[in-house]
file coords_16.csv (CSV, C-alpha atoms)
chain,number,residue,atom,x,y,z
M,1,MET,CA,12.8,10.6,-21.3
M,2,ILE,CA,16.3,9.2,-22.3
M,3,ASP,CA,18.1,12.1,-20.6
M,4,LYS,CA,16.2,11.5,-17.4
M,5,LEU,CA,16.9,7.7,-17.5
M,6,GLN,CA,20.6,8.3,-18.1
M,7,SER,CA,20.7,10.7,-15.2
M,8,LEU,CA,19.1,8.1,-12.9
M,9,ALA,CA,21.5,5.5,-14.2
M,10,ASP,CA,24.5,7.8,-13.5
M,11,ARG,CA,23.2,8.3,-10.0
M,12,TYR,CA,22.8,4.6,-9.5
M,13,ASP,CA,26.4,4.0,-10.5
M,14,LYS,CA,27.5,6.8,-8.2
M,15,LEU,CA,25.7,5.2,-5.3
M,16,SER,CA,27.4,1.9,-6.0
M,17,GLU,CA,30.7,3.8,-5.6
M,18,LEU,CA,29.6,5.5,-2.5
M,19,LEU,CA,28.5,2.3,-0.9
M,20,CYS,CA,32.0,1.0,-1.2
M,21,ASP,CA,33.5,4.1,0.3
M,22,PRO,CA,34.9,3.4,3.9
M,23,ASP,CA,33.6,6.8,5.0
M,24,VAL,CA,30.0,5.7,4.1
M,25,THR,CA,30.3,2.0,5.3
M,26,ASN,CA,31.4,3.3,8.7
M,27,ASP,CA,28.5,5.8,8.9
M,28,PRO,CA,25.2,3.8,9.6
M,29,LYS,CA,23.0,6.8,8.7
M,30,LYS,CA,24.7,7.5,5.3
M,31,LEU,CA,24.8,3.7,4.6
M,32,ARG,CA,21.1,3.3,5.3
M,33,GLU,CA,20.3,6.5,3.3
M,34,TYR,CA,22.3,5.6,0.2
M,35,SER,CA,21.2,1.9,0.3
M,36,LYS,CA,17.6,2.9,0.3
M,37,GLU,CA,18.1,5.4,-2.5
M,38,GLN,CA,19.8,2.8,-4.7
M,39,SER,CA,17.1,0.2,-3.9
M,40,ASP,CA,14.5,2.7,-5.0
M,41,LEU,CA,16.3,3.3,-8.3
M,42,GLN,CA,17.2,-0.4,-9.0
M,43,GLU,CA,14.0,-1.4,-10.9
M,44,THR,CA,14.2,1.6,-13.2
M,45,TYR,CA,18.0,1.1,-13.6
M,46,GLU,CA,17.5,-2.5,-14.6
M,47,ALA,CA,14.7,-1.7,-17.0
M,48,TYR,CA,16.8,1.1,-18.7
M,49,THR,CA,19.8,-1.2,-18.9
M,50,GLU,CA,17.7,-3.9,-20.7
M,51,TYR,CA,16.1,-1.2,-22.9
M,52,LYS,CA,19.5,0.0,-24.1
M,53,THR,CA,20.5,-3.6,-24.9
M,54,VAL,CA,17.3,-4.2,-26.8
M,55,MET,CA,17.8,-1.0,-28.8
M,56,GLU,CA,21.4,-1.9,-29.7
M,57,GLU,CA,20.3,-5.3,-30.8
M,58,LEU,CA,17.4,-3.9,-32.8
M,59,GLU,CA,19.7,-1.4,-34.6
M,60,ALA,CA,22.2,-4.2,-35.4
M,61,ALA,CA,19.4,-6.4,-36.7
M,62,LYS,CA,18.0,-3.6,-38.9
M,63,MET,CA,21.5,-3.0,-40.3
M,64,MET,CA,21.9,-6.7,-41.1
M,65,GLN,CA,18.5,-6.6,-42.9
M,66,GLY,CA,20.0,-4.3,-45.4
M,67,GLU,CA,22.7,-6.7,-46.3
M,68,LYS,CA,22.6,-9.5,-48.9
M,69,LEU,CA,21.1,-12.5,-47.2
M,70,ASP,CA,19.6,-15.8,-48.2
M,71,ASP,CA,15.9,-16.4,-47.7
M,72,GLU,CA,16.3,-18.4,-44.5
M,73,MET,CA,18.6,-15.7,-42.9
M,74,LYS,CA,16.2,-12.9,-44.0
M,75,GLU,CA,13.3,-14.7,-42.2
M,76,MET,CA,15.4,-15.1,-39.1
M,77,VAL,CA,16.4,-11.4,-39.0
M,78,LYS,CA,12.8,-10.4,-39.7
M,79,MET,CA,11.6,-12.5,-36.7
M,80,GLU,CA,14.3,-11.1,-34.5
M,81,ILE,CA,13.3,-7.5,-35.4
M,82,GLU,CA,9.6,-8.3,-34.6
M,83,GLU,CA,10.6,-9.8,-31.2
M,84,LEU,CA,12.9,-6.9,-30.3
M,85,SER,CA,10.3,-4.3,-31.4
M,86,SER,CA,7.7,-6.0,-29.3
M,87,ARG,CA,10.1,-6.1,-26.3
M,88,GLN,CA,10.9,-2.4,-26.9
M,89,LYS,CA,7.2,-1.4,-26.6
M,90,VAL,CA,6.8,-3.4,-23.4
M,91,LEU,CA,9.9,-1.9,-21.8
M,92,GLU,CA,8.8,1.6,-22.8
M,93,GLU,CA,5.4,1.2,-21.2
M,94,ARG,CA,7.1,-0.2,-18.0
M,95,ILE,CA,9.6,2.6,-17.9
M,96,HIS,CA,6.9,5.3,-18.3
M,97,ILE,CA,5.1,3.8,-15.3
M,98,LEU,CA,8.4,3.6,-13.3
M,99,LEU,CA,9.0,7.3,-14.0
M,100,LEU,CA,5.7,8.4,-12.6
M,101,PRO,CA,5.9,10.3,-9.3
M,102,LYS,CA,6.1,7.7,-6.5
M,103,ASP,CA,4.3,8.0,-3.2
M,104,PRO,CA,7.1,8.3,-0.6
M,105,ASN,CA,5.1,6.0,1.8
M,106,ASP,CA,4.7,3.1,-0.7
M,107,ASP,CA,7.4,0.9,0.9
M,108,LYS,CA,6.2,1.4,4.4
M,109,ASN,CA,4.5,-0.9,6.8
M,110,VAL,CA,0.8,0.0,7.5
M,111,ILE,CA,-1.5,0.4,10.4
M,112,VAL,CA,-5.0,-0.6,9.6
M,113,GLU,CA,-8.0,0.5,11.5
M,114,ILE,CA,-11.4,-1.2,11.0
M,115,ARG,CA,-14.6,-0.1,12.7
M,116,GLY,CA,-18.1,-1.3,12.6
M,117,ALA,CA,-20.3,1.6,11.4
M,118,ALA,CA,-24.0,1.4,10.3
M,119,GLY,CA,-25.6,-1.9,11.2
M,120,GLY,CA,-24.9,-2.5,14.9
M,121,ASP,CA,-23.8,-6.1,15.7
M,122,GLU,CA,-23.9,-7.1,12.0
M,123,ALA,CA,-21.5,-4.2,11.1
M,124,ALA,CA,-19.1,-5.5,13.9
M,125,LEU,CA,-19.3,-9.0,12.5
M,126,PHE,CA,-18.5,-7.7,9.0
M,127,ALA,CA,-15.5,-5.8,10.5
M,128,ALA,CA,-14.2,-9.1,11.8
M,129,ASP,CA,-14.7,-10.6,8.3
M,130,LEU,CA,-12.7,-7.7,6.8
M,131,TYR,CA,-9.9,-8.2,9.4
M,132,ARG,CA,-9.7,-11.9,8.4
M,133,MET,CA,-9.6,-10.9,4.7
M,134,TYR,CA,-6.7,-8.6,5.2
M,135,THR,CA,-4.7,-10.9,7.4
M,136,ARG,CA,-5.1,-13.8,4.9
M,137,TYR,CA,-4.1,-11.5,2.0
M,138,ALA,CA,-1.0,-10.5,4.1
M,139,ASP,CA,-0.2,-14.2,4.5
M,140,THR,CA,-0.1,-14.6,0.7
M,141,GLN,CA,2.4,-11.7,0.5
M,142,GLY,CA,4.6,-13.1,3.2
M,143,TRP,CA,3.8,-10.1,5.4
M,144,ARG,CA,3.6,-10.3,9.2
M,145,VAL,CA,0.4,-9.1,11.0
M,146,GLU,CA,0.6,-7.7,14.6
M,147,LEU,CA,-2.7,-7.1,16.4
M,148,MET,CA,-2.5,-3.8,18.4
M,149,ASP,CA,-6.0,-3.2,19.8
M,150,VAL,CA,-9.4,-4.8,19.6
M,151,ASN,CA,-12.8,-4.0,21.0
M,152,MET,CA,-15.2,-7.0,20.6
M,153,ASN,CA,-18.9,-7.4,21.0
M,154,ASP,CA,-20.6,-10.4,22.6
M,155,LEU,CA,-21.0,-12.1,19.2
M,156,GLY,CA,-17.3,-12.1,18.4
M,157,GLY,CA,-17.6,-9.1,16.0
M,158,TYR,CA,-15.2,-6.2,16.2
M,159,LYS,CA,-16.5,-2.8,17.1
M,160,GLU,CA,-12.9,-1.7,16.4
M,161,VAL,CA,-9.7,-3.5,15.5
M,162,ILE,CA,-6.3,-2.0,14.9
M,163,PHE,CA,-3.4,-4.0,13.6
M,164,MET,CA,-0.1,-3.5,11.9
M,165,ILE,CA,1.0,-5.2,8.7
M,166,ASN,CA,4.8,-5.4,8.4
M,167,GLY,CA,6.1,-6.0,4.9
M,168,LYS,CA,7.9,-4.1,2.1
M,169,GLY,CA,5.4,-2.4,-0.2
M,170,ALA,CA,2.5,-3.0,2.2
M,171,TYR,CA,1.2,0.6,1.9
M,172,SER,CA,1.6,0.6,-1.9
M,173,ARG,CA,-0.8,-2.4,-2.1
M,174,LEU,CA,-3.3,-1.5,0.6
M,175,LYS,CA,-3.5,2.3,0.5
M,176,TYR,CA,-6.6,2.1,-1.7
M,177,GLU,CA,-8.6,0.2,1.0
M,178,SER,CA,-9.4,3.3,3.0
M,179,GLY,CA,-13.1,4.1,2.9
M,180,ALA,CA,-16.6,2.6,3.7
M,181,HIS,CA,-17.1,-1.0,2.9
M,182,ARG,CA,-20.7,-2.1,2.5
M,183,VAL,CA,-22.1,-5.6,3.0
M,184,GLN,CA,-25.4,-7.0,1.8
M,185,ARG,CA,-26.4,-10.3,3.4
M,186,ILE,CA,-28.8,-12.1,5.8
M,187,PRO,CA,-27.3,-11.5,9.2
M,188,ALA,CA,-26.9,-14.5,11.6
M,189,THR,CA,-29.1,-12.6,14.0
M,190,GLU,CA,-31.9,-12.2,11.4
M,191,SER,CA,-34.7,-14.8,12.0
M,192,GLY,CA,-36.9,-13.6,9.0
M,193,GLY,CA,-34.3,-14.3,6.4
M,194,ARG,CA,-34.2,-10.7,5.2
M,195,ILE,CA,-31.1,-9.2,3.5
M,196,HIS,CA,-29.6,-6.3,5.5
M,197,THR,CA,-27.1,-3.7,4.4
M,198,SER,CA,-24.4,-2.7,6.9
M,199,THR,CA,-21.1,-0.9,6.7
M,200,SER,CA,-17.7,-0.9,8.2
M,201,THR,CA,-15.0,1.7,7.7
M,202,VAL,CA,-11.3,1.0,7.0
M,203,ALA,CA,-8.4,3.4,7.4
M,204,VAL,CA,-4.9,2.5,6.1
M,205,LEU,CA,-2.1,4.6,7.6
M,206,PRO,CA,1.6,4.4,6.7
M,207,GLU,CA,3.8,3.6,9.7
M,208,VAL,CA,5.5,6.8,10.8
M,209,GLU,CA,9.0,6.7,12.3
M,210,ASP,CA,10.2,8.9,15.1
M,211,ILE,CA,12.2,11.0,12.7
M,212,ASP,CA,9.0,11.7,10.7
M,213,ILE,CA,6.8,12.8,13.6
M,214,GLU,CA,8.6,13.8,16.8
M,215,ILE,CA,6.4,13.5,19.9
M,216,HIS,CA,7.7,15.2,23.0
M,217,ASP,CA,7.0,13.7,26.4
M,218,LYS,CA,5.5,17.0,27.6
M,219,ASP,CA,2.9,16.8,24.9
M,220,ILE,CA,1.4,13.5,25.8
M,221,ARG,CA,-0.6,12.1,28.7
M,222,VAL,CA,-0.3,8.4,29.4
M,223,ASP,CA,-3.1,6.5,31.2
M,224,THR,CA,-3.1,2.9,32.2
M,225,PHE,CA,-6.1,0.5,32.8
M,226,CYS,CA,-6.9,-3.2,32.9
M,227,SER,CA,-7.3,-4.9,29.5
M,228,SER,CA,-10.8,-6.0,28.7
M,229,GLY,CA,-12.3,-8.7,26.5
M,230,ALA,CA,-15.6,-9.3,24.8
M,231,GLY,CA,-18.5,-7.5,26.5
M,232,GLY,CA,-16.1,-5.3,28.4
M,233,GLN,CA,-15.3,-7.8,31.1
M,234,SER,CA,-11.9,-7.5,32.7
M,235,VAL,CA,-9.6,-10.3,31.6
M,236,ASN,CA,-6.7,-9.4,33.9
M,237,THR,CA,-6.1,-7.4,37.0
M,238,THR,CA,-2.9,-5.6,36.1
M,239,LYS,CA,-2.9,-2.2,34.4
M,240,SER,CA,-1.1,-3.3,31.3
M,241,ALA,CA,-3.4,-1.5,28.8
M,242,VAL,CA,-2.3,2.0,27.8
M,243,ARG,CA,-4.1,5.1,26.5
M,244,VAL,CA,-1.9,7.9,25.1
M,245,THR,CA,-3.3,11.3,24.4
M,246,HIS,CA,-1.5,13.9,22.3
M,247,ILE,CA,-2.4,17.1,24.2
M,248,PRO,CA,-1.9,19.7,21.4
M,249,THR,CA,-4.2,17.8,18.9
M,250,GLY,CA,-6.4,15.8,21.3
M,251,ILE,CA,-5.7,12.7,19.2
M,252,VAL,CA,-5.9,9.5,21.3
M,253,ALA,CA,-4.5,6.0,20.8
M,254,THR,CA,-4.9,2.9,22.9
M,255,CYS,CA,-3.3,-0.5,23.0
M,256,GLN,CA,-4.1,-3.5,25.2
M,257,ASP,CA,-3.0,-6.5,23.2
M,258,GLY,CA,0.5,-6.7,24.4
M,259,LYS,CA,1.5,-8.4,27.7
M,260,SER,CA,3.4,-5.6,29.2
M,261,GLN,CA,2.7,-1.9,29.8
M,262,ASN,CA,5.9,-0.9,28.0
M,263,SER,CA,5.0,-2.9,24.9
M,264,ASN,CA,1.5,-1.5,24.8
M,265,LYS,CA,2.8,2.1,25.2
M,266,GLU,CA,5.2,1.7,22.3
M,267,LYS,CA,2.4,0.3,20.1
M,268,ALA,CA,0.1,3.1,21.1
M,269,LEU,CA,2.7,5.6,20.2
M,270,GLN,CA,3.1,4.0,16.8
M,271,VAL,CA,-0.7,4.4,16.2
M,272,LEU,CA,-0.6,8.0,17.6
M,273,ARG,CA,2.2,9.0,15.2
M,274,ALA,CA,0.4,7.5,12.3
M,275,ARG,CA,-2.8,9.3,13.2
M,276,ILE,CA,-1.1,12.7,13.6
M,277,PHE,CA,0.7,12.2,10.3
M,278,ASP,CA,-2.6,11.3,8.6
M,279,VAL,CA,-4.2,14.5,10.0
M,280,MET,CA,-1.3,16.6,8.7
M,281,ARG,CA,-1.5,14.8,5.3
M,282,GLN,CA,-5.2,15.5,5.0
M,283,GLU,CA,-4.8,19.2,5.9
M,284,GLU,CA,-2.1,19.4,3.2
M,285,GLU,CA,-4.3,17.8,0.6
M,286,ALA,CA,-7.2,20.1,1.6
M,287,LYS,CA,-5.2,23.0,0.3
M,288,TYR,CA,-5.4,21.5,-3.2
M,289,ALA,CA,-9.1,20.6,-2.9
M,290,GLY,CA,-9.9,22.6,-6.0
M,291,GLU,CA,-7.9,20.3,-8.2
M,292,ARG,CA,-9.5,17.3,-9.9
M,293,LYS,CA,-10.0,14.6,-7.4
M,294,SER,CA,-8.5,11.2,-8.0
M,295,LYS,CA,-11.2,8.7,-9.0
M,296,VAL,CA,-9.3,6.0,-7.1
M,297,GLY,CA,-8.6,8.0,-3.9
M,298,THR,CA,-6.7,6.8,-0.9
M,299,GLY,CA,-8.1,8.6,2.1
M,300,ASP,CA,-11.7,9.6,2.3
M,301,ARG,CA,-13.2,7.3,4.9
M,302,SER,CA,-16.8,8.5,4.3
M,303,GLU,CA,-16.6,7.4,0.7
M,304,ARG,CA,-18.4,4.1,-0.1
M,305,ILE,CA,-15.7,2.3,-2.1
M,306,ARG,CA,-16.9,-1.3,-2.3
M,307,THR,CA,-19.9,-3.6,-1.9
M,308,TYR,CA,-19.8,-7.2,-0.8
M,309,ASN,CA,-23.1,-8.9,-1.9
M,310,TYR,CA,-23.4,-12.4,-0.4
M,311,PRO,CA,-26.6,-13.6,-2.2
M,312,GLN,CA,-25.0,-12.9,-5.6
M,313,SER,CA,-21.4,-13.9,-4.5
M,314,ARG,CA,-20.4,-10.5,-5.9
M,315,VAL,CA,-17.8,-7.9,-5.0
M,316,THR,CA,-18.0,-4.5,-6.7
M,317,ASP,CA,-15.4,-1.7,-6.4
M,318,HIS,CA,-17.4,1.4,-7.2
M,319,ARG,CA,-14.4,3.7,-8.0
M,320,ILE,CA,-13.3,1.7,-11.1
M,321,GLY,CA,-16.5,-0.2,-11.9
M,322,LEU,CA,-14.9,-3.5,-11.2
M,323,THR,CA,-17.2,-6.5,-10.4
M,324,LEU,CA,-16.0,-10.0,-9.5
M,325,HIS,CA,-18.3,-13.0,-8.9
M,326,LYS,CA,-16.0,-14.7,-6.4
M,327,LEU,CA,-16.9,-13.3,-3.0
M,328,ASP,CA,-15.7,-16.4,-1.1
M,329,ALA,CA,-12.3,-16.2,-2.6
M,330,VAL,CA,-11.9,-12.5,-2.0
M,331,MET,CA,-13.0,-12.8,1.7
M,332,ASN,CA,-10.4,-15.5,2.0
M,333,GLY,CA,-7.7,-13.1,1.0
M,334,ASP,CA,-7.7,-13.4,-2.8
M,335,MET,CA,-7.5,-9.7,-3.3
M,336,GLY,CA,-4.8,-9.6,-6.0
M,337,GLU,CA,-7.1,-8.8,-8.9
M,338,ILE,CA,-8.9,-6.0,-7.1
M,339,ILE,CA,-5.6,-4.4,-5.9
M,340,SER,CA,-3.9,-4.7,-9.3
M,341,SER,CA,-6.9,-3.1,-11.0
M,342,LEU,CA,-6.9,-0.2,-8.6
M,343,THR,CA,-3.1,0.3,-9.1
M,344,LEU,CA,-3.5,0.2,-12.9
M,345,ALA,CA,-6.4,2.7,-12.7
M,346,GLU,CA,-4.3,5.1,-10.6
M,347,GLN,CA,-1.3,4.7,-13.0
M,348,ALA,CA,-3.5,5.4,-16.0
M,349,GLU,CA,-4.8,8.5,-14.4
M,350,MET,CA,-1.3,9.7,-13.5
M,351,MET,CA,-0.2,9.1,-17.1
M,352,GLU,CA,-3.2,11.3,-18.3
M,353,LYS,CA,-2.0,14.1,-16.1
M,354,VAL,CA,1.6,13.8,-17.2
M,355,ASN,CA,0.6,13.8,-20.9
M,356,ALA,CA,-2.0,16.5,-20.5
call {"tool": "encode", "arguments": {"input": "coords_16.csv", "output": "structure tokens"}}
result
Amino acid sequence: MIDKLQSLADRYDKLSELLCDPDVTNDPKKLREYSKEQSDLQETYEAYTEYKTVMEELEAAKMMQGEKLDDEMKEMVKMEIEELSSRQKVLEERIHILLLPKDPNDDKNVIVEIRGAAGGDEAALFAADLYRMYTRYADTQGWRVELMDVNMNDLGGYKEVIFMINGKGAYSRLKYESGAHRVQRIPATESGGRIHTSTSTVAVLPEVEDIDIEIHDKDIRVDTFCSSGAGGQSVNTTKSAVRVTHIPTGIVATCQDGKSQNSNKEKALQVLRARIFDVMRQEEEAKYAGERKSKVGTGDRSERIRTYNYPQSRVTDHRIGLTLHKLDAVMNGDMGEIISSLTLAEQAEMMEKVNA
């Protein structure tokens, strides 16, 4: 481990030199590339630097312990060794996690797609609740939410809503949300007071840049139409809404939230790139389907991942067996405990694989 850490530290120092080199500062592509690489290494570099300092101080304290000291000094040295040893263990655990293979998409913005599934109007209303939950969580993280497309029903629910969350690390925090979300509650449309079970599906896709997925003009068909509101009624008479079809794959993306056709086309292309990339990723992962599947998972939209039980004010994540009795807080964006638990479970599983 130490050799690997020293190698990373040497690379970090080399990058610091390169970022001061005029040949690099005058080359935007290299400057961006090296800056990102150094940023990715920074947390590990700082942890390793602190670890080396702690180890040096610990060694010095142990040497001092062997000298002739009065009782008061001996007690002080003993306390210092205990504190440094405790800090050593914390840093070692942190470094082991930092050295785990990192998802290259973790720092990216995300495109989130929520669709009402089983349950008709109630599923659409729940999809709107999930949208509000994610946007409020994004607010707590200082992220920016950009609505891209929405298809509403007459009750104000969302048959489908697509939006982008812009913020560093958004994918690393939200990637575990893909899957089927189940709600158990008495619908507003239920006159008999019976509890219904409905589902909505969530897909979280990393934003894909042009350099990651190149889409040629000859491979797409662009159609324009009038934007529509709840119930499908036209809300304007200009063809600002855009539908983009990727001819080789048949994948379609639409956007009608922007005020201009060009804005909607660009947003639709963002969604299209993300969907094509997601299909490619799933095909790649399918090649390794024989390997043990992650219990956390980040992509199977048919998998029921979480239940929101309103009568009991309970949220249960079925993948890790986590149950919280604070439904109102979660639906208002207090998702930190759930997301942190999922992240820790994934890290623990990766550690098992590394140590196996």
call {"tool": "atom_distance", "arguments": {"input": "coords_16.csv", "atom1": "atom CA of M:Ile95", "atom2": "atom CA of M:Lys62"}}
result
23.5 Å
call {"tool": "closest_residue", "arguments": {"input": "coords_16.csv", "among": "M:Val315, M:Leu41, M:Ala170, M:Val271", "to": "M:Asp106", "atoms": "only C-alpha atoms"}}
result
M:Ala170
call {"tool": "atom_distance", "arguments": {"input": "coords_16.csv", "atom1": "atom CA of M:Lys74", "atom2": "atom CA of M:Leu58"}}
result
14.4 Å
call {"tool": "atom_distance", "arguments": {"input": "coords_16.csv", "atom1": "atom CA of M:Val204", "atom2": "atom CA of M:Arg132"}}
result
15.4 Å
call {"tool": "residues_around", "arguments": {"input": "coords_16.csv", "residues": "M:Asp223", "least_positions_apart": "5", "cutoff": "12 Å", "atoms": "all atoms listed in the file", "output": "list in words"}}
result
Lys239, Ser240, Ala241, Val242, Arg243, Val244, Thr245, His246, Val252, Ala253, Thr254, Cys255, Gln256, Gln261, Asn264, Lys265 and Ala268 of chain M
call {"tool": "decode", "arguments": {"input": "coords_16.csv", "residues": "stretch 270-281 of chain M", "atoms": "C-alpha atoms", "output": "PDB file, in the first residue's frame"}}
result
ATOM      1  CA  GLN M 270     -27.843  15.782 -23.780  1.00  0.00           C
ATOM      2  CA  VAL M 271     -30.517  13.249 -22.832  1.00  0.00           C
ATOM      3  CA  LEU M 272     -29.907  11.282 -26.033  1.00  0.00           C
ATOM      4  CA  ARG M 273     -26.163  11.003 -25.376  1.00  0.00           C
ATOM      5  CA  ALA M 274     -26.814   9.865 -21.806  1.00  0.00           C
ATOM      6  CA  ARG M 275     -29.286   7.202 -22.957  1.00  0.00           C
ATOM      7  CA  ILE M 276     -26.968   5.864 -25.658  1.00  0.00           C
ATOM      8  CA  PHE M 277     -24.099   5.751 -23.151  1.00  0.00           C
ATOM      9  CA  ASP M 278     -26.348   3.923 -20.666  1.00  0.00           C
ATOM     10  CA  VAL M 279     -27.258   1.278 -23.249  1.00  0.00           C
ATOM     11  CA  MET M 280     -23.566   0.782 -24.074  1.00  0.00           C
ATOM     12  CA  ARG M 281     -22.727   0.503 -20.360  1.00  0.00           C
TER      13      ARG M 281
END
